[in-house]
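Asks: One file is attached below, query_25.pdb, containing PDB, C-alpha atoms and all ligand atoms.
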```pdb
ATOM      1  CA  MET F 160     -41.909  49.050  99.530  1.00  0.00           C
ATOM      2  CA  THR F 161     -43.242  47.288  96.465  1.00  0.00           C
ATOM      3  CA  GLN F 162     -43.284  49.036  93.112  1.00  0.00           C
ATOM      4  CA  PRO F 163     -46.606  50.502  91.950  1.00  0.00           C
ATOM      5  CA  ILE F 164     -48.517  48.569  89.308  1.00  0.00           C
ATOM      6  CA  ARG F 165     -48.330  50.483  86.011  1.00  0.00           C
ATOM      7  CA  VAL F 166     -51.799  50.455  84.463  1.00  0.00           C
ATOM      8  CA  THR F 167     -52.761  51.605  80.955  1.00  0.00           C
ATOM      9  CA  ILE F 168     -56.494  52.000  80.282  1.00  0.00           C
ATOM     10  CA  TRP F 169     -57.203  51.753  76.560  1.00  0.00           C
ATOM     11  CA  ASN F 170     -60.496  53.011  75.172  1.00  0.00           C
ATOM     12  CA  GLU F 171     -61.637  53.214  71.599  1.00  0.00           C
ATOM     13  CA  PHE F 172     -63.240  56.598  72.611  1.00  0.00           C
ATOM     14  CA  ARG F 173     -65.653  56.916  69.681  1.00  0.00           C
ATOM     15  CA  HIS F 174     -69.135  56.582  71.198  1.00  0.00           C
ATOM     16  CA  GLU F 175     -68.345  59.492  73.542  1.00  0.00           C
ATOM     17  CA  LYS F 176     -67.590  61.681  70.506  1.00  0.00           C
ATOM     18  CA  THR F 177     -70.557  60.655  68.381  1.00  0.00           C
ATOM     19  CA  LYS F 178     -73.459  59.928  70.768  1.00  0.00           C
ATOM     20  CA  PRO F 179     -74.627  62.794  73.052  1.00  0.00           C
ATOM     21  CA  VAL F 180     -76.078  60.392  75.621  1.00  0.00           C
ATOM     22  CA  VAL F 181     -72.692  58.708  76.016  1.00  0.00           C
ATOM     23  CA  ALA F 182     -70.828  62.043  76.099  1.00  0.00           C
ATOM     24  CA  GLU F 183     -73.118  63.193  78.896  1.00  0.00           C
ATOM     25  CA  LEU F 184     -72.666  59.997  80.862  1.00  0.00           C
ATOM     26  CA  TYR F 185     -68.888  59.816  80.377  1.00  0.00           C
ATOM     27  CA  PRO F 186     -67.655  63.398  79.879  1.00  0.00           C
ATOM     28  CA  GLU F 187     -64.054  62.308  80.442  1.00  0.00           C
ATOM     29  CA  GLY F 188     -64.544  59.184  78.351  1.00  0.00           C
ATOM     30  CA  ILE F 189     -65.012  55.647  79.624  1.00  0.00           C
ATOM     31  CA  HIS F 190     -61.248  55.505  80.166  1.00  0.00           C
ATOM     32  CA  GLY F 191     -61.420  58.654  82.303  1.00  0.00           C
ATOM     33  CA  ALA F 192     -64.249  57.262  84.437  1.00  0.00           C
ATOM     34  CA  ILE F 193     -62.411  53.995  85.055  1.00  0.00           C
ATOM     35  CA  ALA F 194     -59.127  55.809  85.777  1.00  0.00           C
ATOM     36  CA  ALA F 195     -60.836  57.981  88.411  1.00  0.00           C
ATOM     37  CA  GLY F 196     -62.806  55.042  89.763  1.00  0.00           C
ATOM     38  CA  ILE F 197     -59.887  52.693  90.425  1.00  0.00           C
ATOM     39  CA  ALA F 198     -57.317  55.345  91.439  1.00  0.00           C
ATOM     40  CA  ALA F 199     -55.487  54.142  94.539  1.00  0.00           C
ATOM     41  CA  ASP F 200     -52.100  54.054  96.178  1.00  0.00           C
ATOM     42  CA  GLY F 201     -50.020  51.414  94.507  1.00  0.00           C
ATOM     43  CA  LEU F 202     -51.350  52.073  90.998  1.00  0.00           C
ATOM     44  CA  THR F 203     -49.945  54.482  88.431  1.00  0.00           C
ATOM     45  CA  ILE F 204     -52.518  54.952  85.720  1.00  0.00           C
ATOM     46  CA  ARG F 205     -52.280  56.284  82.198  1.00  0.00           C
ATOM     47  CA  THR F 206     -54.798  56.152  79.362  1.00  0.00           C
ATOM     48  CA  ALA F 207     -54.551  55.570  75.608  1.00  0.00           C
ATOM     49  CA  THR F 208     -57.112  55.829  72.814  1.00  0.00           C
ATOM     50  CA  LEU F 209     -57.617  54.580  69.263  1.00  0.00           C
ATOM     51  CA  ASP F 210     -57.053  57.892  67.480  1.00  0.00           C
ATOM     52  CA  GLU F 211     -53.652  58.553  69.025  1.00  0.00           C
ATOM     53  CA  PRO F 212     -50.606  57.617  66.915  1.00  0.00           C
ATOM     54  CA  GLU F 213     -50.185  53.822  67.135  1.00  0.00           C
ATOM     55  CA  HIS F 214     -53.434  53.908  69.154  1.00  0.00           C
ATOM     56  CA  GLY F 215     -51.404  55.228  72.077  1.00  0.00           C
ATOM     57  CA  LEU F 216     -49.831  51.781  72.457  1.00  0.00           C
ATOM     58  CA  THR F 217     -46.277  52.285  71.314  1.00  0.00           C
ATOM     59  CA  GLN F 218     -43.680  49.713  72.286  1.00  0.00           C
ATOM     60  CA  ASP F 219     -42.393  52.129  74.943  1.00  0.00           C
ATOM     61  CA  VAL F 220     -45.865  52.482  76.480  1.00  0.00           C
ATOM     62  CA  LEU F 221     -46.442  48.724  76.481  1.00  0.00           C
ATOM     63  CA  ASP F 222     -42.990  48.054  77.905  1.00  0.00           C
ATOM     64  CA  ALA F 223     -43.919  50.396  80.763  1.00  0.00           C
ATOM     65  CA  THR F 224     -47.326  48.715  81.303  1.00  0.00           C
ATOM     66  CA  ASP F 225     -47.908  45.936  83.826  1.00  0.00           C
ATOM     67  CA  VAL F 226     -51.642  45.688  83.194  1.00  0.00           C
ATOM     68  CA  LEU F 227     -53.590  46.824  80.113  1.00  0.00           C
ATOM     69  CA  LEU F 228     -57.366  47.409  80.286  1.00  0.00           C
ATOM     70  CA  TRP F 229     -59.269  47.234  77.004  1.00  0.00           C
ATOM     71  CA  TRP F 230     -62.638  48.777  76.087  1.00  0.00           C
ATOM     72  CA  GLY F 231     -63.699  48.778  72.437  1.00  0.00           C
ATOM     73  CA  HIS F 232     -66.915  48.286  70.523  1.00  0.00           C
ATOM     74  CA  MET F 233     -67.651  49.964  67.182  1.00  0.00           C
ATOM     75  CA  SER F 234     -64.140  50.180  65.757  1.00  0.00           C
ATOM     76  CA  HIS F 235     -62.430  46.873  66.515  1.00  0.00           C
ATOM     77  CA  HIS F 236     -61.543  46.580  62.815  1.00  0.00           C
ATOM     78  CA  GLU F 237     -59.594  49.860  62.935  1.00  0.00           C
ATOM     79  CA  VAL F 238     -57.068  48.509  65.426  1.00  0.00           C
ATOM     80  CA  SER F 239     -53.926  47.794  63.441  1.00  0.00           C
ATOM     81  CA  ASP F 240     -52.613  44.259  63.320  1.00  0.00           C
ATOM     82  CA  ALA F 241     -49.141  45.563  64.223  1.00  0.00           C
ATOM     83  CA  VAL F 242     -50.513  46.837  67.535  1.00  0.00           C
ATOM     84  CA  VAL F 243     -52.409  43.590  68.104  1.00  0.00           C
ATOM     85  CA  ASP F 244     -49.154  41.654  67.537  1.00  0.00           C
ATOM     86  CA  ARG F 245     -47.356  43.935  69.987  1.00  0.00           C
ATOM     87  CA  VAL F 246     -50.016  43.564  72.703  1.00  0.00           C
ATOM     88  CA  GLN F 247     -50.110  39.791  72.250  1.00  0.00           C
ATOM     89  CA  ARG F 248     -46.329  39.568  72.632  1.00  0.00           C
ATOM     90  CA  ARG F 249     -46.422  41.658  75.809  1.00  0.00           C
ATOM     91  CA  VAL F 250     -49.127  39.396  77.263  1.00  0.00           C
ATOM     92  CA  LEU F 251     -47.047  36.311  76.426  1.00  0.00           C
ATOM     93  CA  ASP F 252     -44.122  38.024  78.150  1.00  0.00           C
ATOM     94  CA  GLY F 253     -46.169  38.617  81.293  1.00  0.00           C
ATOM     95  CA  MET F 254     -48.291  41.765  80.936  1.00  0.00           C
ATOM     96  CA  GLY F 255     -51.770  41.437  82.453  1.00  0.00           C
ATOM     97  CA  LEU F 256     -54.818  42.101  80.263  1.00  0.00           C
ATOM     98  CA  VAL F 257     -58.311  42.989  81.503  1.00  0.00           C
ATOM     99  CA  VAL F 258     -60.886  42.947  78.695  1.00  0.00           C
ATOM    100  CA  LEU F 259     -64.143  44.739  79.371  1.00  0.00           C
ATOM    101  CA  HIS F 260     -67.657  44.223  77.977  1.00  0.00           C
ATOM    102  CA  SER F 261     -67.747  44.546  74.163  1.00  0.00           C
ATOM    103  CA  GLY F 262     -63.998  43.970  74.127  1.00  0.00           C
ATOM    104  CA  HIS F 263     -65.011  40.314  73.742  1.00  0.00           C
ATOM    105  CA  HIS F 264     -64.830  41.004  69.997  1.00  0.00           C
ATOM    106  CA  ALA F 265     -61.565  42.968  70.120  1.00  0.00           C
ATOM    107  CA  LYS F 266     -58.954  41.609  67.736  1.00  0.00           C
ATOM    108  CA  VAL F 267     -56.488  41.143  70.561  1.00  0.00           C
ATOM    109  CA  PHE F 268     -58.928  39.135  72.702  1.00  0.00           C
ATOM    110  CA  ARG F 269     -59.955  36.893  69.812  1.00  0.00           C
ATOM    111  CA  ARG F 270     -56.285  36.385  68.949  1.00  0.00           C
ATOM    112  CA  LEU F 271     -55.466  35.358  72.493  1.00  0.00           C
ATOM    113  CA  MET F 272     -58.541  33.120  72.845  1.00  0.00           C
ATOM    114  CA  GLY F 273     -58.311  31.526  69.393  1.00  0.00           C
ATOM    115  CA  THR F 274     -62.112  31.353  69.102  1.00  0.00           C
ATOM    116  CA  SER F 275     -64.796  33.632  67.623  1.00  0.00           C
ATOM    117  CA  CYS F 276     -65.887  34.993  71.061  1.00  0.00           C
ATOM    118  CA  ASP F 277     -69.397  35.343  69.601  1.00  0.00           C
ATOM    119  CA  LEU F 278     -72.330  35.540  71.990  1.00  0.00           C
ATOM    120  CA  ALA F 279     -76.063  36.322  72.156  1.00  0.00           C
ATOM    121  CA  TRP F 280     -77.156  39.881  72.977  1.00  0.00           C
ATOM    122  CA  ARG F 281     -80.161  42.143  73.414  1.00  0.00           C
ATOM    123  CA  GLU F 282     -80.183  45.894  73.921  1.00  0.00           C
ATOM    124  CA  ALA F 283     -83.538  46.953  75.383  1.00  0.00           C
ATOM    125  CA  ASP F 284     -83.895  50.753  75.371  1.00  0.00           C
ATOM    126  CA  ALA F 285     -84.258  51.003  79.124  1.00  0.00           C
ATOM    127  CA  GLY F 286     -81.930  48.086  79.749  1.00  0.00           C
ATOM    128  CA  GLU F 287     -82.726  45.077  81.894  1.00  0.00           C
ATOM    129  CA  ARG F 288     -81.725  43.879  85.334  1.00  0.00           C
ATOM    130  CA  GLU F 289     -78.583  41.782  85.766  1.00  0.00           C
ATOM    131  CA  ARG F 290     -77.203  39.878  88.730  1.00  0.00           C
ATOM    132  CA  LEU F 291     -73.585  38.808  88.584  1.00  0.00           C
ATOM    133  CA  TRP F 292     -73.333  35.867  90.962  1.00  0.00           C
ATOM    134  CA  VAL F 293     -69.962  35.171  92.538  1.00  0.00           C
ATOM    135  CA  VAL F 294     -69.311  31.499  91.821  1.00  0.00           C
ATOM    136  CA  ASP F 295     -65.733  31.449  93.134  1.00  0.00           C
ATOM    137  CA  PRO F 296     -65.870  33.446  96.395  1.00  0.00           C
ATOM    138  CA  GLY F 297     -62.277  32.570  97.307  1.00  0.00           C
ATOM    139  CA  HIS F 298     -60.853  34.030  94.116  1.00  0.00           C
ATOM    140  CA  PRO F 299     -58.836  37.252  94.627  1.00  0.00           C
ATOM    141  CA  ILE F 300     -60.962  39.017  91.987  1.00  0.00           C
ATOM    142  CA  ALA F 301     -64.072  38.469  94.143  1.00  0.00           C
ATOM    143  CA  GLU F 302     -62.521  40.057  97.240  1.00  0.00           C
ATOM    144  CA  GLY F 303     -64.906  42.511  98.900  1.00  0.00           C
ATOM    145  CA  ILE F 304     -67.848  41.518  96.718  1.00  0.00           C
ATOM    146  CA  GLY F 305     -70.836  39.946  98.442  1.00  0.00           C
ATOM    147  CA  ALA F 306     -72.955  37.134  97.049  1.00  0.00           C
ATOM    148  CA  CYS F 307     -73.738  39.052  93.891  1.00  0.00           C
ATOM    149  CA  ILE F 308     -73.589  42.414  92.128  1.00  0.00           C
ATOM    150  CA  GLU F 309     -76.955  43.775  91.060  1.00  0.00           C
ATOM    151  CA  LEU F 310     -77.125  46.192  88.123  1.00  0.00           C
ATOM    152  CA  PRO F 311     -80.543  47.759  87.492  1.00  0.00           C
ATOM    153  CA  ALA F 312     -80.168  48.427  83.749  1.00  0.00           C
ATOM    154  CA  THR F 313     -77.797  46.624  81.397  1.00  0.00           C
ATOM    155  CA  GLU F 314     -77.433  45.261  77.919  1.00  0.00           C
ATOM    156  CA  MET F 315     -77.920  41.489  77.897  1.00  0.00           C
ATOM    157  CA  TYR F 316     -75.121  39.129  76.898  1.00  0.00           C
ATOM    158  CA  GLY F 317     -76.121  35.478  76.801  1.00  0.00           C
ATOM    159  CA  GLU F 318     -74.738  32.015  76.222  1.00  0.00           C
ATOM    160  CA  PRO F 319     -73.446  30.370  74.214  1.00  0.00           C
ATOM    161  CA  PHE F 320     -70.294  32.480  74.550  1.00  0.00           C
ATOM    162  CA  ASP F 321     -67.708  31.013  72.160  1.00  0.00           C
ATOM    163  CA  ILE F 322     -64.621  31.131  74.373  1.00  0.00           C
ATOM    164  CA  PRO F 323     -62.198  28.450  75.521  1.00  0.00           C
ATOM    165  CA  GLU F 324     -63.094  26.889  78.863  1.00  0.00           C
ATOM    166  CA  PRO F 325     -62.010  29.479  81.451  1.00  0.00           C
ATOM    167  CA  GLU F 326     -59.242  28.388  83.832  1.00  0.00           C
ATOM    168  CA  ALA F 327     -61.258  29.997  86.602  1.00  0.00           C
ATOM    169  CA  LEU F 328     -64.802  31.320  86.402  1.00  0.00           C
ATOM    170  CA  VAL F 329     -65.515  34.037  88.961  1.00  0.00           C
ATOM    171  CA  PHE F 330     -68.938  35.384  87.928  1.00  0.00           C
ATOM    172  CA  ILE F 331     -72.053  34.065  86.195  1.00  0.00           C
ATOM    173  CA  SER F 332     -74.679  36.618  85.179  1.00  0.00           C
ATOM    174  CA  TRP F 333     -78.432  36.174  85.327  1.00  0.00           C
ATOM    175  CA  PHE F 334     -80.576  38.531  83.261  1.00  0.00           C
ATOM    176  CA  GLN F 335     -84.138  39.627  83.703  1.00  0.00           C
ATOM    177  CA  GLY F 336     -84.961  38.190  80.295  1.00  0.00           C
ATOM    178  CA  GLY F 337     -83.894  34.707  81.419  1.00  0.00           C
ATOM    179  CA  GLU F 338     -80.404  34.296  79.929  1.00  0.00           C
ATOM    180  CA  VAL F 339     -77.205  33.425  81.779  1.00  0.00           C
ATOM    181  CA  PHE F 340     -73.620  34.322  80.842  1.00  0.00           C
ATOM    182  CA  ARG F 341     -70.072  33.597  81.975  1.00  0.00           C
ATOM    183  CA  SER F 342     -69.220  37.156  83.025  1.00  0.00           C
ATOM    184  CA  GLY F 343     -65.856  36.825  84.773  1.00  0.00           C
ATOM    185  CA  CYS F 344     -63.359  34.516  83.064  1.00  0.00           C
ATOM    186  CA  CYS F 345     -59.676  33.957  83.899  1.00  0.00           C
ATOM    187  CA  TYR F 346     -56.987  32.722  81.523  1.00  0.00           C
ATOM    188  CA  ARG F 347     -53.229  32.480  81.250  1.00  0.00           C
ATOM    189  CA  ARG F 348     -51.409  32.853  77.969  1.00  0.00           C
ATOM    190  CA  GLY F 349     -47.637  32.463  78.120  1.00  0.00           C
ATOM    191  CA  ARG F 350     -46.593  34.294  81.291  1.00  0.00           C
ATOM    192  CA  GLY F 351     -49.566  36.675  81.143  1.00  0.00           C
ATOM    193  CA  ARG F 352     -52.849  36.581  82.999  1.00  0.00           C
ATOM    194  CA  ILE F 353     -56.099  37.630  81.302  1.00  0.00           C
ATOM    195  CA  PHE F 354     -59.469  38.483  82.844  1.00  0.00           C
ATOM    196  CA  TYR F 355     -62.632  39.083  80.847  1.00  0.00           C
ATOM    197  CA  PHE F 356     -65.310  41.067  82.711  1.00  0.00           C
ATOM    198  CA  ARG F 357     -68.700  41.637  81.119  1.00  0.00           C
ATOM    199  CA  PRO F 358     -70.308  44.818  82.599  1.00  0.00           C
ATOM    200  CA  GLY F 359     -69.916  48.117  80.822  1.00  0.00           C
ATOM    201  CA  HIS F 360     -72.345  49.107  78.095  1.00  0.00           C
ATOM    202  CA  GLU F 361     -71.676  52.722  77.074  1.00  0.00           C
ATOM    203  CA  THR F 362     -75.230  54.052  77.563  1.00  0.00           C
ATOM    204  CA  PHE F 363     -75.495  52.942  81.203  1.00  0.00           C
ATOM    205  CA  PRO F 364     -73.553  54.374  84.186  1.00  0.00           C
ATOM    206  CA  ILE F 365     -71.937  51.032  84.942  1.00  0.00           C
ATOM    207  CA  TYR F 366     -68.380  52.340  85.360  1.00  0.00           C
ATOM    208  CA  TYR F 367     -69.540  54.442  88.300  1.00  0.00           C
ATOM    209  CA  ASP F 368     -70.818  51.382  90.191  1.00  0.00           C
ATOM    210  CA  GLU F 369     -68.577  50.846  93.203  1.00  0.00           C
ATOM    211  CA  GLN F 370     -68.694  47.064  93.052  1.00  0.00           C
ATOM    212  CA  VAL F 371     -67.929  46.975  89.337  1.00  0.00           C
ATOM    213  CA  LEU F 372     -64.953  49.277  89.965  1.00  0.00           C
ATOM    214  CA  ARG F 373     -63.893  47.062  92.864  1.00  0.00           C
ATOM    215  CA  VAL F 374     -63.828  44.019  90.584  1.00  0.00           C
ATOM    216  CA  ILE F 375     -61.796  45.913  87.966  1.00  0.00           C
ATOM    217  CA  ALA F 376     -59.311  47.062  90.614  1.00  0.00           C
ATOM    218  CA  ASN F 377     -59.072  43.506  91.986  1.00  0.00           C
ATOM    219  CA  ALA F 378     -58.516  42.240  88.447  1.00  0.00           C
ATOM    220  CA  VAL F 379     -55.694  44.739  87.921  1.00  0.00           C
ATOM    221  CA  ARG F 380     -53.956  43.362  90.993  1.00  0.00           C
ATOM    222  CA  TRP F 381     -54.607  39.740  90.035  1.00  0.00           C
ATOM    223  CA  THR F 382     -53.394  40.097  86.450  1.00  0.00           C
ATOM    224  CA  ALA F 383     -50.283  42.105  87.374  1.00  0.00           C
ATOM    225  CA  PRO F 384     -47.112  40.090  86.721  1.00  0.00           C
ATOM    226  CA  ALA F 385     -46.233  38.016  89.783  1.00  0.00           C
ATOM    227  CA  HIS F 386     -42.515  38.716  89.382  1.00  0.00           C
ATOM    228  CA  GLY F 387     -40.021  39.711  86.749  1.00  0.00           C
ATOM    229  CA  GLU F 388     -37.674  36.776  86.961  1.00  0.00           C
ATOM    230  CA  GLY F 389     -37.005  34.445  84.089  1.00  0.00           C
ATOM    231  CA  ALA F 390     -38.267  34.796  80.572  1.00  0.00           C
ATOM    232  CA  ARG F 391     -40.971  33.386  78.385  1.00  0.00           C
ATOM    233  CA  PRO F 392     -39.926  29.927  77.198  1.00  0.00           C
ATOM    234  CA  SER F 393     -38.327  29.932  73.790  1.00  0.00           C
ATOM    235  CA  VAL F 394     -36.570  27.364  71.604  1.00  0.00           C
ATOM    236  CA  ILE F 395     -33.425  26.056  73.301  1.00  0.00           C
ATOM    237  CA  ASN F 396     -31.170  23.503  71.656  1.00  0.00           C
ATOM    238  CA  ARG F 397     -29.458  22.093  74.763  1.00  0.00           C
ATOM    239  CA  ARG F 398     -26.897  19.953  73.021  1.00  0.00           C
ATOM    240  CA  THR F 399     -24.994  19.035  76.108  1.00  0.00           C
ATOM    241  CA  PRO F 400     -27.050  17.273  78.801  1.00  0.00           C
ATOM    242  CA  LEU F 401     -26.781  18.255  82.453  1.00  0.00           C
ATOM    243  CA  GLU F 402     -25.908  14.749  83.657  1.00  0.00           C
ATOM    244  CA  PRO F 403     -22.288  13.682  83.070  1.00  0.00           C
ATOM    245  CA  GLY F 404     -22.140  10.699  80.775  1.00  0.00           C
ATOM    246  CA  ALA F 405     -25.629  11.227  79.342  1.00  0.00           C
ATOM    247  CA  PRO F 406     -25.758  11.166  75.540  1.00  0.00           C
ATOM    248  CA  ALA F 407     -25.123  14.537  73.901  1.00  0.00           C
ATOM    249  CA  GLN F 408     -26.360  15.811  70.553  1.00  0.00           C
ATOM    250  CA  THR F 409     -23.627  15.843  67.959  1.00  0.00           C
ATOM    251  CA  ARG F 410     -25.604  16.636  64.826  1.00  0.00           C
ATOM    252  CA  ASP F 411     -26.642  20.203  63.962  1.00  0.00           C
ATOM    253  CA  GLN F 412     -30.123  19.136  62.988  1.00  0.00           C
TER     254      GLN F 412
HETATM  255 ZN    ZN Z 501     -72.599  47.109  74.884  1.00  0.00          ZN
END
```
Just give me the structure of the file as structure tokens.
Ligand code: ZN
Replies:
Amino acid sequence: MTQPIRVTIWNEFRHEKTKPVVAELYPEGIHGAIAAGIAADGLTIRTATLDEPEHGLTQDVLDATDVLLWWGHMSHHEVSDAVVDRVQRRVLDGMGLVVLHSGHHAKVFRRLMGTSCDLAWREADAGERERLWVVDPGHPIAEGIGACIELPATEMYGEPFDIPEPEALVFISWFQGGEVFRSGCCYRRGRGRIFYFRPGHETFPIYYDEQVLRVIANAVRWTAPAHGEGARPSVINRRTPLEPGAPAQTRDQ
């Protein structure tokens, strides 16, 4: 039997404490809704939030995490650089990272992308309709999703989205207001896999949508480390060549 995938769902957990509409929608927090929504055999799930010591992401927690989910919005700047460094190192060493919605501006995502991750946005009070079209139906993250996911009320995110060219693009969103957006983007950094997934504004019940949860669960499985063998490449001074008779390095530098 294969080992369960160890998932940590990180949520800034501030809107739920300060906005009644969000508290009503997500009484257990966004992290609690996602944890309940993706619960399945083969996953062990824990949660962590900004106000815990070290934001709940101690080295021990990260070392015991195969896939980290990240939801943040109003308090990106409060995430300590030491924790960002730690998460980045774990991704380079093979931990999966699934960044949700406004996490596009999270320090850790910008660090890993190397770009501003800026985008266009519009928050209509009643929201607007969004269709996430599957543009890579064979991708494991699209498994079980039909031609598109339709969300009746969302915040709009539009292009240009200042990200590096995705290594695979799984979803493109269309919005009622006319914009389009690259909503499901795959990357690799070091040994780690990263997936950015757009849906999830805090004032809409998006993390109860079965197809959205299905994509997140698929992304957890796709970003999980493929195997634990080997190590992230590091500097190796191989002074003696493998082939007999080939020239060796004799100087120290
Ligand atoms: Zn939002």
Asks: Just checking: using all atoms listed in the file, which residue out of F:Arg341, F:His360, F:Arg350, F:Lys178 ends up closest to ligand ZN 501 (chain Z)?
Replies: F:His360
Asks: Would you list the residues that come within 9 Å of ligand ZN 501 (chain Z)? Count only C-alpha atoms and all ligand atoms and give the answer as a ChimeraX atom specification.
Replies: /F:232,260-261,280,282,313-316,358-362
Asks: Using only C-alpha atoms, which residues sit within 10 Å of F:His235 once same-chain residues fewer than 6 positions away are excluded, as a list in words?
Replies: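 Those residues are Glu171, Leu209, Ser261, Gly262, His264, Ala265, Lys266 and Val267 of chain F.
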Asks: Box time for stretch 207-219 of chain F: axis-aligned, enclosing all its listed atoms, 4 Å extra on each side; report centre and edge lengths in Å to one decimal, as AutoDock Vina command-line options.
Replies:
```
--center_x -50.0 --center_y 54.1 --center_z 71.3 --size_x 23.2 --size_y 16.8 --size_z 16.7
```
Asks: For F:Tyr366, please output as a list of chain:residue names all residues within 7 Å (counting only C-alpha atoms; exclusion window: fewer than 6 positions along the same chain).
Replies: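 The contact residues come out as F:Ala192, F:Ile193, F:Gly359, F:Leu372.
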Asks: Please write the residues picked by the PyMOL selection byres (((chain F and resi 312) around 9) and not hetatm) on this file as a list in words.
Replies: Ala285, Gly286, Glu287, Arg288, Glu289, Leu310, Pro311, Thr313, Glu314, Phe363, Pro364 and Ile365 of chain F
Asks: I'd like the interatomic distance between atom CA of F:Gln335 and atom CA of F:Val374, to a tenth of an Å.
Replies: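 Going from atom CA of F:Gln335 over to atom CA of F:Val374, I get 21.9 Å.
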Asks: For F:Trp381, which residue among F:Val246, F:Leu221, F:Ile308, F:Ile164 is the nearest when counting all atoms listed in the file?
Replies: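 Among the listed residues, F:Ile164 lies closest to F:Trp381.
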Asks: Translate the PyMOL selection byres (((chain F and resi 292) around 12) and not hetatm), as applied to the file shown, into an explicit residue set as a ChimeraX atom specification.
Replies: /F:289-291,293-296,301,304-310,328-334,339-343
Asks: Between F:Arg373, F:Asp411, F:Thr167, F:Val180, which residue has the minimum interatomic distance to F:Trp229, considering all atoms listed in the file?
Replies: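 Using all atoms listed in the file, F:Trp229 sits closest to F:Thr167.
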Asks: Using only C-alpha atoms, which residue out of F:Phe354, F:Thr208, F:Leu278, F:Glu302 lies closest to F:Glu318?
Replies: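 Using only C-alpha atoms, the shortest distance to F:Glu318 belongs to F:Leu278.
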